[in-house]
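To keep things clear, I will list the structure first and then write my remarks on it.
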Amino acid sequence: MTAGLWEHWLLPGIWITVQLTVLGAAFAAVVAFTVGIARTSRLWIVRFLSGLYVEIFRGISALVLMFWLFFVMPLAFEMQLLPMWAAVLALGLTYGAYGAEIVRGALNAVPAAQREAAVALSFTPAQRMRRVLVPQAVPEMIPPFTNLLIELLKATSLVSAVSVADITFAAQLSRLATGESLQIYAIVLALYFVIAFALTRLMRLLERRAKAAVGKGPDRRAAGGRRHLTGGAGPARTLAGAAGTAGAAGTAGGDR
Amino acid sequence: MTWDWDVAREYLPDLLEGLLVTLEATALGSLLSFALGLVWAMALRSPRRLVRWPVAGVVEFIRNTPLLVQLFFFYYVLPTWDITFSALTTGVIALGLHYSTYTAEVYRAGIDGVPQGQWEAATALSLSRGRTWYAVILPQAVRRVVPALGNYVIAMLKDSPLLALIGVVDMLQTARAEGASSFQYIEPYTMVGVAFILIAYPASLLLRVLERRLGH
(Lines give C-alpha, C1' and ligand atoms only; values in the text may rest on other atoms or scores of the structure.)
Protein backbone atom coordinates (compact mmCIF):
# COMPACT_ATOMS: atom_id res chain seq x y z
CA MET A 1 0.00 0.00 0.00
CA THR A 2 1.38 3.41 -0.89
CA ALA A 3 2.22 5.94 1.77
CA GLY A 4 -0.31 8.47 0.49
CA LEU A 5 -3.24 6.14 0.90
CA TRP A 6 -2.14 5.28 4.40
CA GLU A 7 -1.80 8.88 5.50
CA HIS A 8 -4.79 10.37 3.74
CA TRP A 9 -7.34 7.61 4.13
CA LEU A 10 -6.48 4.88 6.55
CA LEU A 11 -5.32 6.99 9.49
CA PRO A 12 -8.28 9.37 9.31
CA GLY A 13 -10.41 6.27 8.78
CA ILE A 14 -9.22 4.80 12.05
CA TRP A 15 -10.04 8.05 13.80
CA ILE A 16 -13.54 8.11 12.34
CA THR A 17 -14.13 4.50 13.37
CA VAL A 18 -13.01 5.30 16.91
CA GLN A 19 -15.23 8.39 17.01
CA LEU A 20 -18.23 6.43 15.71
CA THR A 21 -17.65 3.74 18.31
CA VAL A 22 -17.35 6.17 21.21
CA LEU A 23 -20.25 8.43 20.19
CA GLY A 24 -22.42 5.50 19.15
CA ALA A 25 -21.75 3.74 22.46
CA ALA A 26 -22.48 6.90 24.46
CA PHE A 27 -25.78 7.44 22.66
CA ALA A 28 -26.63 3.74 22.92
CA ALA A 29 -25.95 3.86 26.67
CA VAL A 30 -28.36 6.78 27.10
CA VAL A 31 -31.02 4.97 25.07
CA ALA A 32 -30.37 1.69 26.91
CA PHE A 33 -30.79 3.19 30.38
CA THR A 34 -33.80 5.28 29.44
CA VAL A 35 -35.64 2.45 27.71
CA GLY A 36 -34.41 -0.23 30.09
CA ILE A 37 -35.63 1.66 33.14
CA ALA A 38 -38.87 2.51 31.38
CA ARG A 39 -39.45 -1.21 30.87
CA THR A 40 -39.59 -1.69 34.63
CA SER A 41 -42.16 1.09 35.03
CA ARG A 42 -45.40 0.60 36.94
CA LEU A 43 -47.45 2.18 34.16
CA TRP A 44 -48.41 -0.32 31.49
CA ILE A 45 -48.34 2.26 28.71
CA VAL A 46 -44.68 3.12 29.47
CA ARG A 47 -43.80 -0.55 29.58
CA PHE A 48 -45.66 -1.16 26.34
CA LEU A 49 -44.06 1.73 24.45
CA SER A 50 -40.54 0.90 25.59
CA GLY A 51 -41.15 -2.76 24.74
CA LEU A 52 -42.37 -1.72 21.30
CA TYR A 53 -39.22 0.33 20.81
CA VAL A 54 -37.02 -2.62 21.71
CA GLU A 55 -38.84 -5.04 19.43
CA ILE A 56 -38.81 -2.66 16.47
CA PHE A 57 -35.16 -1.69 16.66
CA ARG A 58 -33.99 -5.21 17.39
CA GLY A 59 -36.09 -6.44 14.51
CA ILE A 60 -34.76 -4.14 11.81
CA SER A 61 -31.42 -4.94 10.27
CA ALA A 62 -28.86 -2.28 11.26
CA LEU A 63 -27.83 -1.80 7.65
CA VAL A 64 -31.43 -1.33 6.52
CA LEU A 65 -31.96 1.21 9.30
CA MET A 66 -28.86 3.05 8.17
CA PHE A 67 -30.07 3.20 4.58
CA TRP A 68 -33.43 4.36 5.82
CA LEU A 69 -31.93 7.18 7.86
CA PHE A 70 -29.70 8.23 4.99
CA PHE A 71 -32.07 8.06 2.07
CA VAL A 72 -35.62 8.10 3.38
CA MET A 73 -35.43 10.60 6.22
CA PRO A 74 -34.30 13.51 4.01
CA LEU A 75 -37.15 12.78 1.58
CA ALA A 76 -39.88 11.96 4.04
CA PHE A 77 -39.23 14.57 6.71
CA GLU A 78 -37.03 17.01 4.77
CA MET A 79 -34.54 16.56 7.53
CA GLN A 80 -30.99 15.92 6.50
CA LEU A 81 -28.40 14.91 9.04
CA LEU A 82 -24.66 15.04 8.55
CA PRO A 83 -23.63 11.51 7.52
CA MET A 84 -21.60 11.10 10.69
CA TRP A 85 -24.58 11.97 12.90
CA ALA A 86 -26.98 9.82 10.93
CA ALA A 87 -24.53 6.96 11.46
CA VAL A 88 -24.28 7.64 15.21
CA LEU A 89 -28.07 7.81 15.37
CA ALA A 90 -28.46 4.47 13.59
CA LEU A 91 -25.86 2.76 15.77
CA GLY A 92 -27.19 4.26 18.99
CA LEU A 93 -30.83 3.42 18.26
CA THR A 94 -30.05 -0.17 17.28
CA TYR A 95 -27.59 -1.03 20.02
CA GLY A 96 -29.56 0.97 22.56
CA ALA A 97 -32.42 -1.45 21.98
CA TYR A 98 -30.17 -4.42 22.73
CA GLY A 99 -28.69 -2.57 25.70
CA ALA A 100 -32.14 -1.86 27.12
CA GLU A 101 -32.66 -5.60 27.56
CA ILE A 102 -29.37 -5.85 29.41
CA VAL A 103 -30.36 -2.97 31.71
CA ARG A 104 -33.76 -4.50 32.35
CA GLY A 105 -32.26 -7.92 33.06
CA ALA A 106 -29.69 -6.51 35.46
CA LEU A 107 -32.30 -4.40 37.29
CA ASN A 108 -34.48 -7.46 37.73
CA ALA A 109 -31.48 -9.37 39.05
CA VAL A 110 -31.02 -7.02 41.99
CA PRO A 111 -32.27 -8.97 45.02
CA ALA A 112 -35.89 -8.12 45.81
CA ALA A 113 -34.96 -7.42 49.44
CA GLN A 114 -32.97 -4.37 48.30
CA ARG A 115 -36.06 -2.92 46.68
CA GLU A 116 -38.17 -3.71 49.72
CA ALA A 117 -35.62 -2.18 52.06
CA ALA A 118 -35.66 1.00 50.00
CA VAL A 119 -39.46 1.04 50.18
CA ALA A 120 -39.29 0.51 53.93
CA LEU A 121 -36.96 3.51 54.21
CA SER A 122 -39.61 5.43 52.24
CA PHE A 123 -37.36 6.31 49.33
CA THR A 124 -39.22 7.76 46.38
CA PRO A 125 -39.22 5.54 43.27
CA ALA A 126 -36.63 7.84 41.67
CA GLN A 127 -34.37 7.67 44.71
CA ARG A 128 -34.79 3.93 44.82
CA MET A 129 -33.67 3.66 41.23
CA ARG A 130 -30.80 6.12 41.49
CA ARG A 131 -29.39 5.20 44.89
CA VAL A 132 -30.14 1.51 45.30
CA LEU A 133 -31.06 -0.38 42.14
CA VAL A 134 -28.87 1.15 39.43
CA PRO A 135 -25.61 1.17 41.41
CA GLN A 136 -26.05 -2.51 42.20
CA ALA A 137 -27.14 -3.45 38.70
CA VAL A 138 -24.28 -1.71 36.88
CA PRO A 139 -21.53 -4.27 37.66
CA GLU A 140 -23.85 -6.99 36.36
CA MET A 141 -24.36 -5.09 33.14
CA ILE A 142 -20.73 -4.58 32.23
CA PRO A 143 -19.86 -8.03 30.80
CA PRO A 144 -22.86 -8.13 28.43
CA PHE A 145 -22.22 -4.47 27.61
CA THR A 146 -18.68 -5.42 26.61
CA ASN A 147 -20.05 -7.89 24.09
CA LEU A 148 -22.44 -5.28 22.82
CA LEU A 149 -19.64 -2.73 22.50
CA ILE A 150 -17.66 -5.12 20.31
CA GLU A 151 -20.79 -5.68 18.22
CA LEU A 152 -21.17 -1.93 17.88
CA LEU A 153 -17.53 -1.52 16.88
CA LYS A 154 -18.05 -4.12 14.17
CA ALA A 155 -21.27 -2.48 13.05
CA THR A 156 -19.46 0.83 12.50
CA SER A 157 -18.07 -0.78 9.35
CA LEU A 158 -21.58 -0.53 7.87
CA VAL A 159 -21.27 3.25 7.57
CA SER A 160 -18.82 2.74 4.72
CA ALA A 161 -21.86 1.68 2.68
CA VAL A 162 -23.29 5.17 2.99
CA SER A 163 -19.95 6.85 2.22
CA VAL A 164 -18.71 7.75 5.67
CA ALA A 165 -14.92 7.51 5.36
CA ASP A 166 -14.18 5.00 8.13
CA ILE A 167 -11.55 2.22 8.03
CA THR A 168 -13.65 -0.02 5.83
CA PHE A 169 -14.30 2.82 3.39
CA ALA A 170 -10.58 3.56 3.28
CA ALA A 171 -9.94 -0.11 2.57
CA GLN A 172 -12.37 -0.10 -0.33
CA LEU A 173 -10.74 3.00 -1.75
CA SER A 174 -7.25 1.57 -1.34
CA ARG A 175 -8.31 -1.63 -3.02
CA LEU A 176 -9.63 0.30 -6.01
CA ALA A 177 -6.43 2.35 -6.19
CA THR A 178 -3.85 -0.41 -5.78
CA GLY A 179 -5.60 -3.73 -6.29
CA GLU A 180 -3.71 -5.21 -3.34
CA SER A 181 -6.80 -6.74 -1.78
CA LEU A 182 -5.07 -9.26 0.43
CA GLN A 183 -2.69 -6.88 2.21
CA ILE A 184 -5.29 -4.18 2.63
CA TYR A 185 -8.04 -6.35 4.07
CA ALA A 186 -5.58 -8.23 6.27
CA ILE A 187 -4.39 -4.91 7.73
CA VAL A 188 -7.92 -3.64 8.22
CA LEU A 189 -9.09 -6.84 9.91
CA ALA A 190 -6.08 -6.66 12.22
CA LEU A 191 -6.90 -3.02 13.02
CA TYR A 192 -10.43 -3.89 14.09
CA PHE A 193 -9.08 -6.71 16.18
CA VAL A 194 -6.64 -4.40 17.95
CA ILE A 195 -9.38 -1.88 18.71
CA ALA A 196 -11.65 -4.67 20.00
CA PHE A 197 -8.85 -5.93 22.20
CA ALA A 198 -8.24 -2.49 23.68
CA LEU A 199 -11.97 -2.00 24.32
CA THR A 200 -12.25 -5.34 26.08
CA ARG A 201 -9.32 -4.55 28.37
CA LEU A 202 -10.81 -1.18 29.17
CA MET A 203 -14.18 -2.71 30.02
CA ARG A 204 -12.59 -5.31 32.26
CA LEU A 205 -10.89 -2.54 34.19
CA LEU A 206 -14.23 -0.77 34.47
CA GLU A 207 -15.88 -3.96 35.69
CA ARG A 208 -13.33 -4.42 38.45
CA ARG A 209 -13.86 -0.81 39.55
CA ALA A 210 -17.64 -1.11 39.49
CA LYS A 211 -17.56 -4.36 41.45
CA ALA A 212 -15.21 -2.94 44.02
CA ALA A 213 -17.51 0.07 44.39
CA VAL A 214 -20.38 -2.15 45.57
CA GLY A 215 -18.09 -4.37 47.61
CA LYS A 216 -17.81 -7.39 45.34
CA GLY A 217 -14.60 -9.08 44.36
CA PRO A 218 -13.63 -9.97 40.80
CA ASP A 219 -15.64 -12.85 39.41
CA ARG A 220 -13.20 -15.74 39.25
CA ARG A 221 -15.63 -18.13 37.71
CA ALA A 222 -16.16 -16.05 34.59
CA ALA A 223 -12.44 -15.40 34.23
CA GLY A 224 -11.78 -19.15 34.45
CA GLY A 225 -14.43 -19.91 31.86
CA ARG A 226 -12.95 -17.41 29.49
CA ARG A 227 -9.42 -18.69 29.90
CA HIS A 228 -10.63 -22.10 28.90
CA LEU A 229 -11.48 -20.95 25.40
CA THR A 230 -8.91 -18.30 24.64
CA GLY A 231 -5.79 -19.32 26.44
CA GLY A 232 -6.09 -16.17 28.48
CA ALA A 233 -5.32 -13.63 25.79
CA GLY A 234 -8.42 -13.30 23.63
CA PRO A 235 -10.14 -9.94 23.63
CA ALA A 236 -13.86 -10.30 23.71
CA ARG A 237 -15.37 -11.98 26.65
CA THR A 238 -17.02 -15.11 25.46
CA LEU A 239 -20.77 -15.12 25.53
CA ALA A 240 -20.88 -17.98 27.97
CA GLY A 241 -18.39 -16.24 30.23
CA ALA A 242 -20.55 -13.13 30.18
CA ALA A 243 -23.66 -15.18 30.77
CA GLY A 244 -21.96 -16.74 33.76
CA THR A 245 -21.26 -13.33 35.22
CA ALA A 246 -24.63 -11.92 34.32
CA GLY A 247 -26.02 -14.93 36.14
CA ALA A 248 -29.52 -14.16 37.19
CA ALA A 249 -29.72 -11.44 34.56
CA GLY A 250 -31.15 -14.31 32.56
CA THR A 251 -31.90 -13.25 29.02
CA ALA A 252 -29.80 -10.14 29.44
CA GLY A 253 -28.25 -10.56 26.01
CA GLY A 254 -31.63 -10.50 24.34
CA ASP A 255 -31.61 -12.50 21.13
CA ARG A 256 -28.05 -11.78 20.13
CA MET B 1 -42.94 14.01 -0.27
CA THR B 2 -45.21 11.33 1.10
CA TRP B 3 -45.95 7.66 0.94
CA ASP B 4 -47.28 6.52 -2.43
CA TRP B 5 -49.26 3.28 -2.38
CA ASP B 6 -49.01 2.81 -6.15
CA VAL B 7 -45.23 2.87 -5.98
CA ALA B 8 -45.31 0.46 -3.06
CA ARG B 9 -47.56 -1.94 -4.96
CA GLU B 10 -45.31 -1.73 -7.98
CA TYR B 11 -42.19 -2.63 -5.96
CA LEU B 12 -43.77 -5.39 -3.93
CA PRO B 13 -43.27 -8.37 -6.32
CA ASP B 14 -39.57 -7.62 -6.85
CA LEU B 15 -39.00 -7.12 -3.15
CA LEU B 16 -40.66 -10.45 -2.41
CA GLU B 17 -38.31 -12.09 -4.89
CA GLY B 18 -35.43 -10.40 -3.06
CA LEU B 19 -36.86 -11.71 0.20
CA LEU B 20 -36.47 -15.26 -1.11
CA VAL B 21 -32.77 -14.61 -1.72
CA THR B 22 -32.48 -13.10 1.77
CA LEU B 23 -34.09 -16.19 3.27
CA GLU B 24 -31.98 -18.51 1.13
CA ALA B 25 -28.75 -16.81 2.26
CA THR B 26 -29.90 -16.99 5.88
CA ALA B 27 -30.83 -20.67 5.65
CA LEU B 28 -27.60 -21.74 3.96
CA GLY B 29 -25.50 -19.53 6.23
CA SER B 30 -27.23 -21.05 9.25
CA LEU B 31 -26.53 -24.61 8.16
CA LEU B 32 -22.88 -23.78 7.56
CA SER B 33 -22.54 -22.04 10.91
CA PHE B 34 -24.22 -24.92 12.76
CA ALA B 35 -21.80 -27.43 11.24
CA LEU B 36 -18.64 -25.34 11.54
CA GLY B 37 -19.52 -24.18 15.03
CA LEU B 38 -19.74 -27.78 16.19
CA VAL B 39 -16.33 -28.45 14.67
CA TRP B 40 -14.85 -25.46 16.55
CA ALA B 41 -16.52 -26.47 19.80
CA MET B 42 -15.17 -30.00 19.58
CA ALA B 43 -11.69 -28.78 18.57
CA LEU B 44 -11.67 -26.45 21.57
CA ARG B 45 -12.28 -29.52 23.73
CA SER B 46 -9.38 -31.38 22.19
CA PRO B 47 -6.74 -32.69 24.63
CA ARG B 48 -4.06 -31.43 22.23
CA ARG B 49 -2.87 -27.86 22.66
CA LEU B 50 -1.70 -27.81 19.08
CA VAL B 51 -5.33 -28.14 18.03
CA ARG B 52 -6.93 -26.08 20.78
CA TRP B 53 -4.82 -22.95 20.67
CA PRO B 54 -4.83 -22.16 16.94
CA VAL B 55 -8.58 -22.78 16.78
CA ALA B 56 -9.16 -20.52 19.78
CA GLY B 57 -7.08 -17.81 18.13
CA VAL B 58 -8.92 -18.05 14.80
CA VAL B 59 -12.32 -18.07 16.50
CA GLU B 60 -11.50 -14.99 18.58
CA PHE B 61 -10.14 -13.19 15.54
CA ILE B 62 -13.20 -13.87 13.41
CA ARG B 63 -15.54 -12.96 16.23
CA ASN B 64 -13.87 -9.63 16.89
CA THR B 65 -13.69 -8.33 13.34
CA PRO B 66 -16.58 -7.05 11.25
CA LEU B 67 -18.57 -9.37 9.03
CA LEU B 68 -18.60 -6.70 6.33
CA VAL B 69 -14.80 -6.61 6.06
CA GLN B 70 -14.70 -10.41 6.06
CA LEU B 71 -17.24 -10.35 3.28
CA PHE B 72 -15.09 -7.98 1.23
CA PHE B 73 -12.04 -10.06 2.05
CA PHE B 74 -13.56 -13.20 0.60
CA TYR B 75 -15.14 -11.41 -2.32
CA TYR B 76 -11.98 -9.60 -3.46
CA VAL B 77 -9.15 -11.79 -2.20
CA LEU B 78 -10.33 -15.29 -3.13
CA PRO B 79 -10.39 -14.52 -6.89
CA THR B 80 -6.75 -13.43 -6.72
CA TRP B 81 -6.00 -16.98 -5.57
CA ASP B 82 -8.01 -18.30 -8.52
CA ILE B 83 -10.88 -19.38 -6.30
CA THR B 84 -14.09 -17.99 -7.69
CA PHE B 85 -17.56 -18.35 -6.29
CA SER B 86 -20.76 -16.55 -7.09
CA ALA B 87 -21.53 -13.53 -4.92
CA LEU B 88 -24.23 -15.48 -3.10
CA THR B 89 -21.90 -18.40 -2.33
CA THR B 90 -19.21 -16.02 -1.11
CA GLY B 91 -21.78 -14.29 1.07
CA VAL B 92 -23.02 -17.57 2.52
CA ILE B 93 -19.46 -18.65 3.30
CA ALA B 94 -18.67 -15.37 5.05
CA LEU B 95 -21.97 -15.37 6.96
CA GLY B 96 -21.60 -19.02 7.98
CA LEU B 97 -17.98 -18.64 9.01
CA HIS B 98 -18.63 -15.48 11.02
CA TYR B 99 -21.56 -16.91 12.91
CA SER B 100 -19.87 -20.28 13.43
CA THR B 101 -17.69 -18.52 16.01
CA TYR B 102 -20.87 -17.62 17.90
CA THR B 103 -22.54 -21.00 17.55
CA ALA B 104 -19.28 -22.59 18.78
CA GLU B 105 -19.85 -20.73 22.03
CA VAL B 106 -23.42 -21.99 22.20
CA TYR B 107 -22.33 -25.58 21.70
CA ARG B 108 -19.63 -25.09 24.31
CA ALA B 109 -22.23 -24.08 26.87
CA GLY B 110 -24.28 -27.12 25.87
CA ILE B 111 -21.29 -29.45 26.18
CA ASP B 112 -20.34 -27.93 29.54
CA GLY B 113 -23.88 -28.70 30.67
CA VAL B 114 -23.42 -32.43 30.20
CA PRO B 115 -22.52 -33.89 33.62
CA GLN B 116 -18.90 -34.91 34.08
CA GLY B 117 -20.08 -38.38 35.03
CA GLN B 118 -21.16 -38.98 31.44
CA TRP B 119 -17.58 -38.55 30.25
CA GLU B 120 -16.34 -40.81 33.01
CA ALA B 121 -18.95 -43.45 32.23
CA ALA B 122 -17.89 -43.39 28.58
CA THR B 123 -14.29 -43.89 29.67
CA ALA B 124 -15.33 -46.73 31.99
CA LEU B 125 -17.07 -48.42 29.07
CA SER B 126 -13.86 -47.82 27.09
CA LEU B 127 -15.70 -46.06 24.29
CA SER B 128 -13.45 -44.42 21.74
CA ARG B 129 -13.26 -40.63 21.73
CA GLY B 130 -15.30 -40.42 18.55
CA ARG B 131 -17.96 -42.73 19.93
CA THR B 132 -18.06 -40.78 23.20
CA TRP B 133 -18.83 -37.58 21.32
CA TYR B 134 -21.25 -39.11 18.89
CA ALA B 135 -23.17 -41.48 21.13
CA VAL B 136 -22.99 -39.91 24.58
CA ILE B 137 -22.13 -36.22 24.71
CA LEU B 138 -23.59 -34.63 21.59
CA PRO B 139 -27.12 -36.08 21.86
CA GLN B 140 -27.36 -34.54 25.32
CA ALA B 141 -25.59 -31.30 24.47
CA VAL B 142 -27.25 -30.39 21.20
CA ARG B 143 -30.87 -30.72 22.27
CA ARG B 144 -30.70 -28.02 24.89
CA VAL B 145 -28.90 -25.49 22.72
CA VAL B 146 -31.48 -25.43 19.92
CA PRO B 147 -33.21 -22.22 21.09
CA ALA B 148 -29.86 -20.45 21.48
CA LEU B 149 -28.92 -21.48 17.94
CA GLY B 150 -32.26 -20.08 16.78
CA ASN B 151 -31.28 -16.69 18.14
CA TYR B 152 -28.30 -16.68 15.84
CA VAL B 153 -30.49 -17.56 12.87
CA ILE B 154 -32.41 -14.35 13.58
CA ALA B 155 -29.14 -12.45 13.94
CA MET B 156 -27.99 -13.85 10.60
CA LEU B 157 -31.25 -12.85 8.99
CA LYS B 158 -30.63 -9.30 10.12
CA ASP B 159 -27.04 -9.36 8.87
CA SER B 160 -27.89 -10.86 5.49
CA PRO B 161 -28.55 -7.41 3.89
CA LEU B 162 -24.78 -6.94 4.03
CA LEU B 163 -24.63 -9.33 1.11
CA ALA B 164 -26.20 -6.60 -1.01
CA LEU B 165 -22.91 -4.72 -0.73
CA ILE B 166 -21.11 -7.39 -2.76
CA GLY B 167 -23.93 -7.44 -5.29
CA VAL B 168 -26.19 -10.25 -4.13
CA VAL B 169 -29.67 -9.35 -5.36
CA ASP B 170 -31.42 -9.73 -2.02
CA MET B 171 -34.18 -7.55 -0.62
CA LEU B 172 -31.94 -4.57 0.18
CA GLN B 173 -30.16 -4.69 -3.17
CA THR B 174 -33.53 -4.74 -4.96
CA ALA B 175 -34.64 -1.71 -2.98
CA ARG B 176 -31.38 0.09 -3.71
CA ALA B 177 -31.53 -0.60 -7.43
CA GLU B 178 -35.17 0.36 -7.82
CA GLY B 179 -34.79 3.42 -5.65
CA ALA B 180 -31.81 4.57 -7.68
CA SER B 181 -33.65 4.21 -10.98
CA SER B 182 -36.81 6.03 -9.93
CA PHE B 183 -35.57 8.27 -7.08
CA GLN B 184 -38.35 6.89 -4.95
CA TYR B 185 -36.57 5.70 -1.85
CA ILE B 186 -39.25 6.07 0.79
CA GLU B 187 -41.39 3.10 -0.21
CA PRO B 188 -38.79 0.41 -0.98
CA TYR B 189 -36.54 1.06 2.03
CA THR B 190 -39.47 1.33 4.42
CA MET B 191 -40.96 -1.88 3.08
CA VAL B 192 -37.65 -3.67 3.58
CA GLY B 193 -37.47 -2.44 7.17
CA VAL B 194 -41.05 -3.51 7.87
CA ALA B 195 -40.40 -6.90 6.30
CA PHE B 196 -37.55 -7.50 8.73
CA ILE B 197 -39.71 -6.65 11.72
CA LEU B 198 -42.52 -8.85 10.41
CA ILE B 199 -40.16 -11.82 10.21
CA ALA B 200 -37.84 -11.21 13.17
CA TYR B 201 -40.46 -10.49 15.82
CA PRO B 202 -42.66 -13.58 15.35
CA ALA B 203 -39.49 -15.65 15.04
CA SER B 204 -38.20 -14.44 18.39
CA LEU B 205 -41.63 -15.05 19.98
CA LEU B 206 -41.54 -18.59 18.61
CA LEU B 207 -38.08 -19.13 20.07
CA ARG B 208 -39.21 -17.91 23.45
CA VAL B 209 -41.98 -20.52 23.41
CA LEU B 210 -39.51 -23.18 22.31
CA GLU B 211 -37.12 -22.18 25.08
CA ARG B 212 -39.85 -22.55 27.66
CA ARG B 213 -40.88 -25.94 26.24
CA LEU B 214 -37.34 -27.24 26.48
CA GLY B 215 -37.35 -26.21 30.11
CA HIS B 216 -34.95 -23.30 30.43
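Chains: A, B, ... in order of the C-alpha coordinates. Residues: from 1 per chain. Ligands: from 1, in order shown.
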
Who sits within 7 Å of segment 18-24 of chain B, only C-alpha atoms, same chain under 6 positions skipped, as a count of residues only: 5

Segment 2-250 of chain A: residues DSSP assigns to helix (DSSP H, G or I), reported as a PyMOL selection string: chain A and resi 3-38+44-59+62-77+83-109+112-120+125-162+167-178+181-213+220-230+239-249

What are the closest atom pairs, with distances in Å to one decimal, for each residue of chain A lying within 6 Å of chain B, using only C-alpha atoms, rows by chain and rising residue number, as a Markdown table?
```
| residue | atom | partner | partner_atom | distance |
| --- | --- | --- | --- | --- |
| A:Gly59 | CA | B:Ile197 | CA | 4.6 |
| A:Ile60 | CA | B:Phe196 | CA | 5.3 |
| A:Ser61 | CA | B:Lys158 | CA | 4.4 |
| A:Trp68 | CA | B:Tyr189 | CA | 5.9 |
| A:Val72 | CA | B:Ile186 | CA | 4.9 |
| A:Ala76 | CA | B:Met1 | CA | 5.7 |
| A:Lys154 | CA | B:Pro66 | CA | 4.4 |
| A:Ser181 | CA | B:Val77 | CA | 5.6 |
| A:Leu182 | CA | B:Val77 | CA | 5.5 |
| A:Tyr185 | CA | B:Phe73 | CA | 5.8 |
| A:Leu189 | CA | B:Thr65 | CA | 5.9 |
| A:Tyr192 | CA | B:Thr65 | CA | 5.6 |
| A:Phe193 | CA | B:Asn64 | CA | 5.7 |
| A:Thr230 | CA | B:Ala56 | CA | 5.3 |
| A:Asp255 | CA | B:Asn151 | CA | 5.2 |
```

Gln140 of chain B surroundings by only C-alpha atoms, 10 Å radius, close-in-sequence under 5 positions cut, as a PyMOL selection string: chain B and resi 110-111+113-115+118+133-135+145

Separation of atom CA of Leu97 of chain B from atom CA of Phe85 of chain B, in Å and rounded to one decimal: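 We find that atom CA of Leu97 of chain B and atom CA of Phe85 of chain B lie 15.3 Å from each other.
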
Computed interatomic separation between atom CA of Arg131 of chain B and atom CA of Leu31 of chain B (Å):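 Rounded to one decimal, the two atoms are 23.2 Å apart.
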
Distance query Leu152 of chain A at most 7 Å, only C-alpha atoms, self and fewer than 4 positions along chain excluded, as number ranges by chain: A: 21, 91, 95, 148, 156

Take the selection from the previous step and output its residues with N, CA, C and O atoms, as a PDB file, in the first residue's frame.
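Dumped everything to again23.pdb:
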```
ATOM      1  N   THR A  21     -17.468   4.713  17.232  1.00  0.00           N
ATOM      2  CA  THR A  21     -17.654   3.738  18.306  1.00  0.00           C
ATOM      3  C   THR A  21     -17.960   4.450  19.622  1.00  0.00           C
ATOM      4  O   THR A  21     -18.899   4.083  20.336  1.00  0.00           O
ATOM      5  N   LEU A  91     -26.549   3.684  14.855  1.00  0.00           N
ATOM      6  CA  LEU A  91     -25.861   2.757  15.770  1.00  0.00           C
ATOM      7  C   LEU A  91     -26.466   2.839  17.166  1.00  0.00           C
ATOM      8  O   LEU A  91     -26.725   1.823  17.815  1.00  0.00           O
ATOM      9  N   TYR A  95     -28.249  -0.369  18.904  1.00  0.00           N
ATOM     10  CA  TYR A  95     -27.591  -1.025  20.019  1.00  0.00           C
ATOM     11  C   TYR A  95     -28.170  -0.587  21.361  1.00  0.00           C
ATOM     12  O   TYR A  95     -28.047  -1.307  22.345  1.00  0.00           O
ATOM     13  N   LEU A 148     -21.659  -6.177  23.660  1.00  0.00           N
ATOM     14  CA  LEU A 148     -22.436  -5.277  22.818  1.00  0.00           C
ATOM     15  C   LEU A 148     -21.539  -4.214  22.197  1.00  0.00           C
ATOM     16  O   LEU A 148     -21.711  -3.829  21.040  1.00  0.00           O
ATOM     17  N   THR A 156     -19.870  -0.455  13.072  1.00  0.00           N
ATOM     18  CA  THR A 156     -19.464   0.833  12.498  1.00  0.00           C
ATOM     19  C   THR A 156     -18.978   0.651  11.062  1.00  0.00           C
ATOM     20  O   THR A 156     -19.027   1.591  10.285  1.00  0.00           O
TER      21      THR A 156
END
```

Within 10 Å of Ala26 of chain A using only C-alpha atoms, minus same-chain residues under 6 positions, as a list of chain:residue names: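 Near Ala26 of chain A, the qualifying residues are A:Leu20, A:Ala32, A:Val88, A:Gly92, A:Gly96.
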
Selected residue, from A:Ala25, A:Leu69, A:Ile102, A:Ala117, that lies nearest to Arg39 of chain A when counting only C-alpha atoms: A:Ile102

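Going from atom CA of Val92 of chain B over to atom CA of Gln173 of chain B, you cover 15.8 Å.
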
Which of B:Leu15, B:Glu10, B:Leu210, B:Val51 sits closest to Arg144 of chain B [using only C-alpha atoms]: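 Nearest candidate to Arg144 of chain B out of B:Leu15, B:Glu10, B:Leu210, B:Val51: B:Leu210.
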